[in-house]
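Coordinates as given in entry-v7.txt (compact mmCIF, C-alpha atoms):
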```
# COMPACT_ATOMS: atom_id res chain seq x y z
CA MET M 1 0.00 0.00 0.00
CA LYS M 2 2.74 2.39 1.08
CA ARG M 3 4.72 1.47 -2.02
CA HIS M 4 1.83 2.33 -4.38
CA PHE M 5 1.33 5.61 -2.57
CA PHE M 6 5.00 6.53 -3.13
CA GLU M 7 4.85 5.39 -6.75
CA ILE M 8 1.77 7.52 -7.54
CA LEU M 9 3.30 10.48 -5.72
CA ALA M 10 6.56 10.09 -7.67
CA LEU M 11 4.67 9.93 -10.98
CA LEU M 12 2.61 12.99 -10.09
CA LEU M 13 5.65 14.99 -9.03
CA ILE M 14 7.77 14.05 -12.06
CA GLY M 15 4.82 14.65 -14.41
CA GLY M 16 4.03 17.92 -12.60
CA SER M 17 7.62 19.11 -13.02
CA LEU M 18 7.20 18.73 -16.79
CA VAL M 19 4.32 21.22 -16.62
CA PHE M 20 6.70 23.73 -15.03
CA PHE M 21 9.25 23.14 -17.80
CA VAL M 22 6.56 23.64 -20.47
CA GLN M 23 5.54 26.88 -18.74
CA CYS M 24 9.23 27.86 -18.66
CA VAL M 25 9.44 27.50 -22.46
CA ASP M 26 6.19 29.46 -22.78
CA TYR M 27 7.58 32.33 -20.72
CA LEU M 28 10.82 32.22 -22.74
CA SER M 29 8.85 32.65 -25.97
CA ARG M 30 7.14 35.66 -24.34
CA ARG M 31 10.65 37.04 -23.51
CA ASP M 32 9.93 37.00 -19.75
CA TYR M 33 13.32 35.60 -18.85
CA VAL M 34 13.15 36.13 -15.06
CA ALA M 35 9.88 34.20 -14.73
CA ALA M 36 11.26 31.49 -17.05
CA ILE M 37 14.37 31.01 -14.87
CA ILE M 38 12.25 30.87 -11.69
CA LEU M 39 9.97 28.28 -13.34
CA MET M 40 12.99 26.25 -14.40
CA PHE M 41 14.22 26.13 -10.79
CA ILE M 42 10.72 25.14 -9.59
CA GLY M 43 10.72 22.32 -12.14
CA LEU M 44 14.17 21.14 -11.01
CA ALA M 45 13.15 21.24 -7.33
CA VAL M 46 9.90 19.33 -8.00
CA ILE M 47 11.66 16.70 -10.13
CA SER M 48 14.26 16.13 -7.38
CA VAL M 49 11.45 15.59 -4.85
CA GLY M 50 9.78 13.17 -7.29
CA LYS M 51 13.07 11.31 -7.70
CA GLU M 52 13.32 10.91 -3.93
CA MET M 53 9.74 9.54 -3.82
CA ALA M 54 10.64 7.04 -6.57
CA ARG M 55 13.64 5.92 -4.50
CA LEU M 56 11.43 5.40 -1.44
CA ALA M 57 8.98 3.37 -3.58
CA LEU M 58 11.90 1.17 -4.70
CA VAL M 59 13.01 0.65 -1.08
CA GLN M 60 9.45 -0.45 -0.19
CA LYS M 61 9.52 -2.90 -3.11
CA ASP M 62 12.63 -4.64 -1.67
CA MET K 1 38.52 25.59 -49.91
CA LEU K 2 40.43 25.60 -53.19
CA LEU K 3 37.51 25.35 -55.61
CA PRO K 4 35.20 27.98 -54.08
CA GLY K 5 38.22 30.31 -53.77
CA LEU K 6 39.20 29.80 -57.41
CA PHE K 7 35.56 30.38 -58.40
CA THR K 8 35.36 33.68 -56.48
CA GLY K 9 38.89 34.69 -57.56
CA SER K 10 40.20 34.88 -54.00
CA TRP K 11 43.42 32.92 -54.62
CA GLN K 12 45.36 35.32 -56.83
CA GLY K 13 49.08 35.89 -56.45
CA ARG K 14 50.56 34.96 -53.09
CA ALA K 15 47.09 34.33 -51.61
CA ILE K 16 47.27 30.82 -53.08
CA LEU K 17 49.81 30.01 -50.31
CA ILE K 18 47.07 30.60 -47.73
CA ALA K 19 44.80 28.16 -49.59
CA LEU K 20 47.58 25.55 -49.64
CA PHE K 21 48.38 25.94 -45.92
CA PRO K 22 45.81 23.30 -44.74
CA LEU K 23 47.22 20.83 -47.30
CA ALA K 24 50.71 21.36 -45.86
CA VAL K 25 49.37 20.69 -42.33
CA LEU K 26 47.61 17.54 -43.58
CA GLY K 27 50.81 16.39 -45.30
CA ILE K 28 52.84 16.79 -42.09
CA GLY K 29 50.13 14.93 -40.14
CA ILE K 30 50.13 11.98 -42.55
CA TRP K 31 53.92 11.89 -42.83
CA ARG K 32 54.54 11.93 -39.07
CA ARG K 33 51.28 10.09 -38.19
CA ILE K 34 50.54 12.59 -35.41
CA GLU K 35 46.95 12.28 -34.10
CA SER K 36 46.74 15.83 -32.75
CA ILE K 37 47.65 17.28 -36.17
CA LEU K 38 45.30 14.97 -38.09
CA LEU K 39 42.30 15.32 -35.76
CA LEU K 40 42.70 18.90 -34.54
CA GLY K 41 45.42 20.67 -36.55
CA PHE K 42 44.07 20.03 -40.06
CA PRO K 43 40.37 20.85 -39.33
CA SER K 44 41.53 24.02 -37.53
CA ALA K 45 43.89 24.91 -40.40
CA LEU K 46 40.90 24.83 -42.77
CA LEU K 47 39.64 27.94 -40.97
CA VAL K 48 42.73 29.98 -42.02
CA PRO K 49 41.69 30.34 -45.70
CA VAL K 50 38.11 31.06 -44.52
CA ALA K 51 39.40 33.84 -42.26
CA ALA K 52 41.50 35.27 -45.15
CA ALA K 53 38.66 35.13 -47.71
CA PRO K 54 35.25 34.88 -45.94
CA GLU K 55 33.44 35.27 -49.29
CA ILE K 56 34.19 31.62 -50.13
CA VAL K 57 31.69 30.48 -47.48
CA ALA K 58 29.33 33.45 -47.77
CA SER K 59 26.53 31.59 -49.51
CA TYR K 60 26.41 28.27 -47.67
CA SER K 61 23.11 26.49 -48.24
CA ALA K 62 21.78 23.75 -45.94
CA LEU K 63 22.73 21.16 -48.59
CA ARG K 64 26.34 22.37 -48.80
CA PHE K 65 26.50 22.46 -44.99
CA ALA K 66 25.28 18.84 -44.87
CA MET K 67 27.85 17.77 -47.49
CA VAL K 68 30.71 19.51 -45.65
CA ALA K 69 29.53 18.05 -42.30
CA ILE K 70 29.40 14.51 -43.74
CA GLY K 71 32.83 15.02 -45.32
CA LEU K 72 34.32 16.25 -42.04
CA ILE K 73 32.82 13.38 -40.03
CA ALA K 74 34.04 10.83 -42.58
CA TYR K 75 37.50 12.44 -42.48
CA LEU K 76 37.60 12.38 -38.65
CA PHE K 77 36.61 8.69 -38.54
CA GLY K 78 39.13 7.84 -41.27
CA ALA K 79 41.94 9.84 -39.66
CA SER K 80 41.17 8.30 -36.27
CA VAL K 81 41.44 4.78 -37.69
CA PHE K 82 44.56 5.70 -39.69
CA ALA K 83 46.28 7.23 -36.65
CA SER K 84 45.55 4.28 -34.36
CA PHE K 85 46.17 1.49 -36.87
CA TYR K 86 49.65 0.07 -36.76
CA GLU K 87 50.59 -3.10 -38.58
CA PRO K 88 52.22 -5.37 -35.94
CA VAL K 89 55.35 -7.30 -36.72
CA LYS K 90 54.46 -10.83 -37.86
CA PRO K 91 55.10 -13.20 -34.91
CA VAL K 92 57.27 -16.29 -35.24
CA SER K 93 54.47 -18.46 -33.88
CA SER K 94 51.00 -17.82 -32.46
CA ARG K 95 48.52 -19.64 -30.20
CA GLN K 96 44.84 -18.81 -29.80
CA LEU K 97 43.71 -18.02 -26.25
CA SER K 98 40.98 -20.25 -24.79
CA SER K 99 38.68 -17.24 -24.20
CA ALA K 100 38.84 -16.29 -27.91
CA SER K 101 36.71 -19.32 -28.85
CA LYS K 102 33.96 -18.42 -26.33
CA PRO K 103 31.07 -16.13 -27.33
CA GLN K 104 31.43 -12.46 -26.43
CA PRO K 105 30.11 -11.81 -22.89
CA VAL K 106 26.82 -9.90 -22.58
CA ARG K 107 28.45 -7.04 -20.66
CA TRP K 108 30.90 -6.43 -23.51
CA ARG K 109 28.13 -6.51 -26.13
CA ARG K 110 26.20 -4.00 -23.98
CA ARG K 111 29.29 -1.82 -23.66
CA PHE K 112 29.84 -1.81 -27.44
CA ARG K 113 26.19 -0.80 -27.93
CA VAL K 114 26.81 2.14 -25.58
CA TYR K 115 29.98 3.09 -27.53
CA HIS K 116 28.08 3.01 -30.83
CA GLY K 117 25.24 5.07 -29.35
CA LEU K 118 27.70 7.67 -28.08
CA ALA K 119 29.44 7.84 -31.48
CA ILE K 120 26.07 8.45 -33.20
CA LEU K 121 25.03 11.09 -30.64
CA SER K 122 28.38 12.86 -30.94
CA VAL K 123 27.60 13.33 -34.63
CA VAL K 124 23.92 14.25 -34.24
CA PHE K 125 24.23 16.78 -31.37
CA PRO K 126 26.69 19.30 -32.91
CA ALA K 127 25.09 18.97 -36.37
CA VAL K 128 21.63 19.82 -34.99
CA ILE K 129 22.96 22.71 -32.88
CA LEU K 130 24.86 24.22 -35.84
CA TYR K 131 21.86 23.73 -38.14
CA ALA K 132 19.55 25.48 -35.64
CA ILE K 133 21.90 28.47 -35.42
CA ASN K 134 22.76 28.88 -39.10
CA PHE K 135 19.83 27.53 -41.13
CA ASN K 136 16.68 27.64 -39.00
CA ASP K 137 14.51 30.37 -40.57
CA SER K 138 12.92 31.65 -37.35
CA ASN K 139 16.29 31.81 -35.53
CA GLN K 140 17.87 33.63 -38.48
CA ALA K 141 14.97 36.10 -38.63
CA PHE K 142 15.24 36.68 -34.87
CA MET K 143 18.99 37.38 -35.09
CA LYS K 144 18.47 39.79 -38.00
CA GLN K 145 15.73 41.55 -36.06
CA MET K 146 17.74 41.82 -32.83
CA PHE K 147 21.10 42.66 -34.43
CA PRO K 148 20.42 44.44 -37.72
CA GLY K 149 23.57 44.60 -39.85
CA ARG K 150 25.51 42.48 -37.33
CA ALA K 151 23.58 39.23 -37.58
CA GLY K 152 26.54 37.48 -39.27
CA SER K 153 29.00 38.44 -36.53
CA PHE K 154 26.48 37.50 -33.83
CA ALA K 155 25.90 34.11 -35.50
CA ALA K 156 29.68 33.54 -35.51
CA VAL K 157 29.84 34.24 -31.75
CA VAL K 158 26.85 31.94 -31.10
CA ASN K 159 28.54 29.23 -33.22
CA LEU K 160 31.70 29.52 -31.12
CA ALA K 161 29.65 29.42 -27.88
CA ALA K 162 27.75 26.35 -29.16
CA ILE K 163 31.01 24.56 -29.96
CA GLY K 164 32.34 25.44 -26.48
CA VAL K 165 29.17 24.15 -24.79
CA TRP K 166 29.30 20.99 -26.90
CA VAL K 167 32.96 20.28 -25.98
CA LEU K 168 32.05 20.77 -22.30
CA MET K 169 28.99 18.50 -22.62
CA TYR K 170 31.01 15.86 -24.44
CA SER K 171 33.83 15.77 -21.89
CA THR K 172 31.43 15.82 -18.90
CA PHE K 173 28.50 13.64 -19.94
CA PHE K 174 29.93 11.43 -22.71
CA LEU K 175 33.57 10.77 -21.81
CA GLY K 176 32.81 11.40 -18.13
CA THR K 177 30.31 8.54 -18.10
CA LEU K 178 32.64 6.15 -19.87
CA ARG K 179 35.67 6.87 -17.69
CA PRO K 180 34.43 5.14 -14.51
CA HIS K 181 33.40 2.06 -16.52
CA ARG K 182 36.94 0.76 -16.33
CA THR K 183 37.08 -2.58 -14.54
CA GLY K 184 38.12 -2.39 -10.92
CA ASP K 185 37.80 1.36 -10.59
CA ARG K 186 38.23 1.99 -6.85
CA ASP K 187 36.29 5.28 -6.83
CA LEU K 188 33.40 3.67 -8.71
CA VAL K 189 33.26 0.71 -6.29
CA ALA K 190 33.17 3.14 -3.32
CA ASP K 191 30.42 5.19 -5.05
CA LEU K 192 28.34 2.06 -5.72
CA ALA K 193 28.68 0.94 -2.07
CA ARG K 194 27.50 4.39 -0.91
CA LEU K 195 24.56 4.30 -3.34
CA ARG K 196 23.55 0.85 -2.07
CA ARG K 197 23.73 2.09 1.54
CA ASP K 198 21.59 5.14 0.66
CA ALA K 199 19.07 3.04 -1.26
CA ARG K 200 18.43 0.79 1.77
CA ARG K 201 17.46 3.76 3.98
CA ALA K 202 13.65 4.00 4.03
CA LYS K 203 13.67 7.68 4.99
CA PRO K 204 13.88 10.69 2.69
CA ARG K 205 17.36 12.16 2.34
CA PRO K 206 18.10 15.84 3.13
CA LEU K 207 17.81 16.54 -0.63
CA PHE K 208 14.06 15.86 -0.36
CA TYR K 209 13.52 18.61 2.24
CA VAL K 210 15.79 21.00 0.30
CA GLY K 211 13.72 20.30 -2.84
CA VAL K 212 10.39 20.96 -1.07
CA VAL K 213 11.62 24.21 0.52
CA ALA K 214 13.22 25.38 -2.76
CA ALA K 215 10.05 24.63 -4.78
CA LEU K 216 7.85 26.54 -2.32
CA ALA K 217 10.30 29.46 -2.13
CA PHE K 218 10.54 29.77 -5.93
CA MET K 219 6.74 29.55 -6.28
CA LEU K 220 6.41 32.39 -3.77
CA LEU K 221 9.06 34.39 -5.66
CA LEU K 222 7.22 33.83 -8.96
CA LEU K 223 3.94 34.92 -7.39
CA ILE K 224 5.48 38.10 -6.00
CA SER K 225 7.22 38.92 -9.31
CA GLN K 226 4.00 38.41 -11.28
CA LEU K 227 1.88 40.49 -8.85
CA LYS K 228 4.20 43.50 -9.13
```

For this file, write the structure as structure tokens.
Amino acid sequence: MKRHFFEILALLLIGGSLVFFVQCVDYLSRRDYVAAIILMFIGLAVISVGKEMARLALVQKD
Amino acid sequence: MLLPGLFTGSWQGRAILIALFPLAVLGIGIWRRIESILLLGFPSALLVPVAAAPEIVASYSALRFAMVAIGLIAYLFGASVFASFYEPVKPVSSRQLSSASKPQPVRWRRRFRVYHGLAILSVVFPAVILYAINFNDSNQAFMKQMFPGRAGSFAAVVNLAAIGVWVLMYSTFFLGTLRPHRTGDRDLVADLARLRRDARRAKPRPLFYVGVVAALAFMLLLLISQLK
């Protein structure tokens, strides 16, 4: 149960980080570079949290 | 270099010596079999005639770029093989090792697949980057709009920056990944042991908390910057 919870959370976080990266590209095309850089950092932070969740899911699997 | 220069009339008088300079470098490289001259010296020497007579590359179409790129890649592969291939002295007698008759281990087949993949990517990456800078219509239009009258010079700077970034990427992510694959690498063994230890811990690492705090802080920053 715990493992599935971590897996879903990891998927959501990694998928959610992609939304931030897409928004980053959108802001770049609108020449709003500051917002784009902030969004890129949000995406990187969210993907690192998702990666950690995926690791915890793997530990539960073992 | 020679033909476009002859066509545009750039190699008149002593200027022909500049056009022949890369050939001289190539000749020395072949004669002495020096890898650095063949793989770096000759391709760099090709830029000397271009610097002396830029009009010979003024009207490069995407097709000509592709032909030159294929020619350069073929040359680099050929020169690499030529520089590393030495005919060994014929032995008096020879005996086949017992391992030579066995099929190639899976790990070696996998490693060769990785090598081939890296060779293909090291061709594709710089070609795509250079194409995007020099032949993509929207990028060209953007450069002309942002730097009217200086778009050519700006493109040259961006080309140099792209080559620099590519060399950095190649040494860090391509060669850097292959380097620790050597058998019995002590640093790699220590790293793997640490990773195994970390993986067994069923608690989030400090990186998790840093990620959460950073994400929230950047979201707040974005909100404040957009509200202003």

Which residues of chain K sit at most 10 Å from chain M, using all atoms listed in the file? Give each one's shortest atom pair and distance in Å (one decimal place), in chain and ascending residue order, as JSON lines.
```
{"residue": "K:Asp198", "atom": "CA", "partner": "M:Arg55", "partner_atom": "CA", "distance": 9.5}
{"residue": "K:Ala199", "atom": "CA", "partner": "M:Val59", "partner_atom": "CA", "distance": 6.5}
{"residue": "K:Arg200", "atom": "CA", "partner": "M:Val59", "partner_atom": "CA", "distance": 6.1}
{"residue": "K:Arg201", "atom": "CA", "partner": "M:Val59", "partner_atom": "CA", "distance": 7.4}
{"residue": "K:Ala202", "atom": "CA", "partner": "M:Leu56", "partner_atom": "CA", "distance": 6.1}
{"residue": "K:Lys203", "atom": "CA", "partner": "M:Leu56", "partner_atom": "CA", "distance": 7.2}
{"residue": "K:Pro204", "atom": "CA", "partner": "M:Glu52", "partner_atom": "CA", "distance": 6.6}
{"residue": "K:Arg205", "atom": "CA", "partner": "M:Glu52", "partner_atom": "CA", "distance": 7.6}
{"residue": "K:Pro206", "atom": "CA", "partner": "M:Glu52", "partner_atom": "CA", "distance": 9.8}
{"residue": "K:Leu207", "atom": "CA", "partner": "M:Ser48", "partner_atom": "CA", "distance": 7.6}
{"residue": "K:Phe208", "atom": "CA", "partner": "M:Val49", "partner_atom": "CA", "distance": 5.2}
{"residue": "K:Tyr209", "atom": "CA", "partner": "M:Val49", "partner_atom": "CA", "distance": 8.0}
{"residue": "K:Val210", "atom": "CA", "partner": "M:Ala45", "partner_atom": "CA", "distance": 8.1}
{"residue": "K:Gly211", "atom": "CA", "partner": "M:Ala45", "partner_atom": "CA", "distance": 4.6}
{"residue": "K:Val212", "atom": "CA", "partner": "M:Val49", "partner_atom": "CA", "distance": 6.7}
{"residue": "K:Val213", "atom": "CA", "partner": "M:Ala45", "partner_atom": "CA", "distance": 8.5}
{"residue": "K:Ala214", "atom": "CA", "partner": "M:Ala45", "partner_atom": "CA", "distance": 6.2}
{"residue": "K:Ala215", "atom": "CA", "partner": "M:Ile42", "partner_atom": "CA", "distance": 4.9}
{"residue": "K:Leu216", "atom": "CA", "partner": "M:Ile42", "partner_atom": "CA", "distance": 7.9}
{"residue": "K:Ala217", "atom": "CA", "partner": "M:Ile42", "partner_atom": "CA", "distance": 8.6}
{"residue": "K:Phe218", "atom": "CA", "partner": "M:Ile42", "partner_atom": "CA", "distance": 5.9}
{"residue": "K:Met219", "atom": "CA", "partner": "M:Ile42", "partner_atom": "CA", "distance": 6.8}
{"residue": "K:Leu220", "atom": "CA", "partner": "M:Ile38", "partner_atom": "CA", "distance": 10.0}
{"residue": "K:Leu221", "atom": "CA", "partner": "M:Ile38", "partner_atom": "CA", "distance": 7.7}
{"residue": "K:Leu222", "atom": "CA", "partner": "M:Ala35", "partner_atom": "CA", "distance": 6.4}
{"residue": "K:Leu223", "atom": "CA", "partner": "M:Ala35", "partner_atom": "CA", "distance": 9.5}
{"residue": "K:Ser225", "atom": "CA", "partner": "M:Ala35", "partner_atom": "CA", "distance": 7.7}
{"residue": "K:Gln226", "atom": "CA", "partner": "M:Ala35", "partner_atom": "CA", "distance": 8.0}
```

Adding 5 Å on each side of the box along x, y and z that holds all listed atoms of range 13-19 of chain M, could you give its centre and edge lengths in Å to one decimal, as lines of an AutoDock Vina configuration file?
```
center_x = 5.9
center_y = 17.6
center_z = -12.9
size_x = 13.7
size_y = 17.2
size_z = 17.8
```

*asked:* Just the number, please: distance in Å from CA of Ala127 in chain K to CA of Gly29 in chain K, one decimal.
replied: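 For CA of Ala127 in chain K relative to CA of Gly29 in chain K, the distance reads 25.6 Å.
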
*When distances are computed from all atoms listed in the file, which of K:Ile18, K:Ala53, K:Leu38, K:Leu178 shows the smallest separation from Val81 in chain K?*
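Looking only at the distances to Val81 in chain K, the closest residue turns out to be K:Leu38.
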
_Would you compute the distance between CA of Val22 in chain M and CA of Gln145 in chain K? Give it in Å to one decimal._
25.5 Å

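For the pair CA of Ser44 in chain K and CA of Ile70 in chain K, the interatomic distance is 16.6 Å.
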
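Remark: for Leu17 in chain K, the closest of the candidate residues K:Pro49, K:Leu63, K:Met146, K:Ile129 is K:Pro49 (distances computed over all atoms listed in the file).
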
*Nearest residue to Tyr131 in chain K from the set K:Ser94, K:Ser80, K:Thr177, K:Asn159 (distances using only C-alpha atoms)*: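 Residue with the minimum atom-to-atom distance to Tyr131 in chain K: K:Asn159.
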
*Would you mind telling me which residue in K:Gly78, K:Gly71, K:Phe142, K:Phe85 lies nearest to Ser29 in chain M when using only C-alpha atoms?*
K:Phe142

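Nearest residue to Ala74 in chain K, choosing from K:Leu188, K:Val123, K:Leu97, K:Val106 and counting all atoms listed in the file: K:Val123.
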
*Pick from K:Ile56, K:Ala161, K:Ala24, K:Ile34 nearest to Pro4 in chain K, counting all atoms listed in the file*: K:Ile56
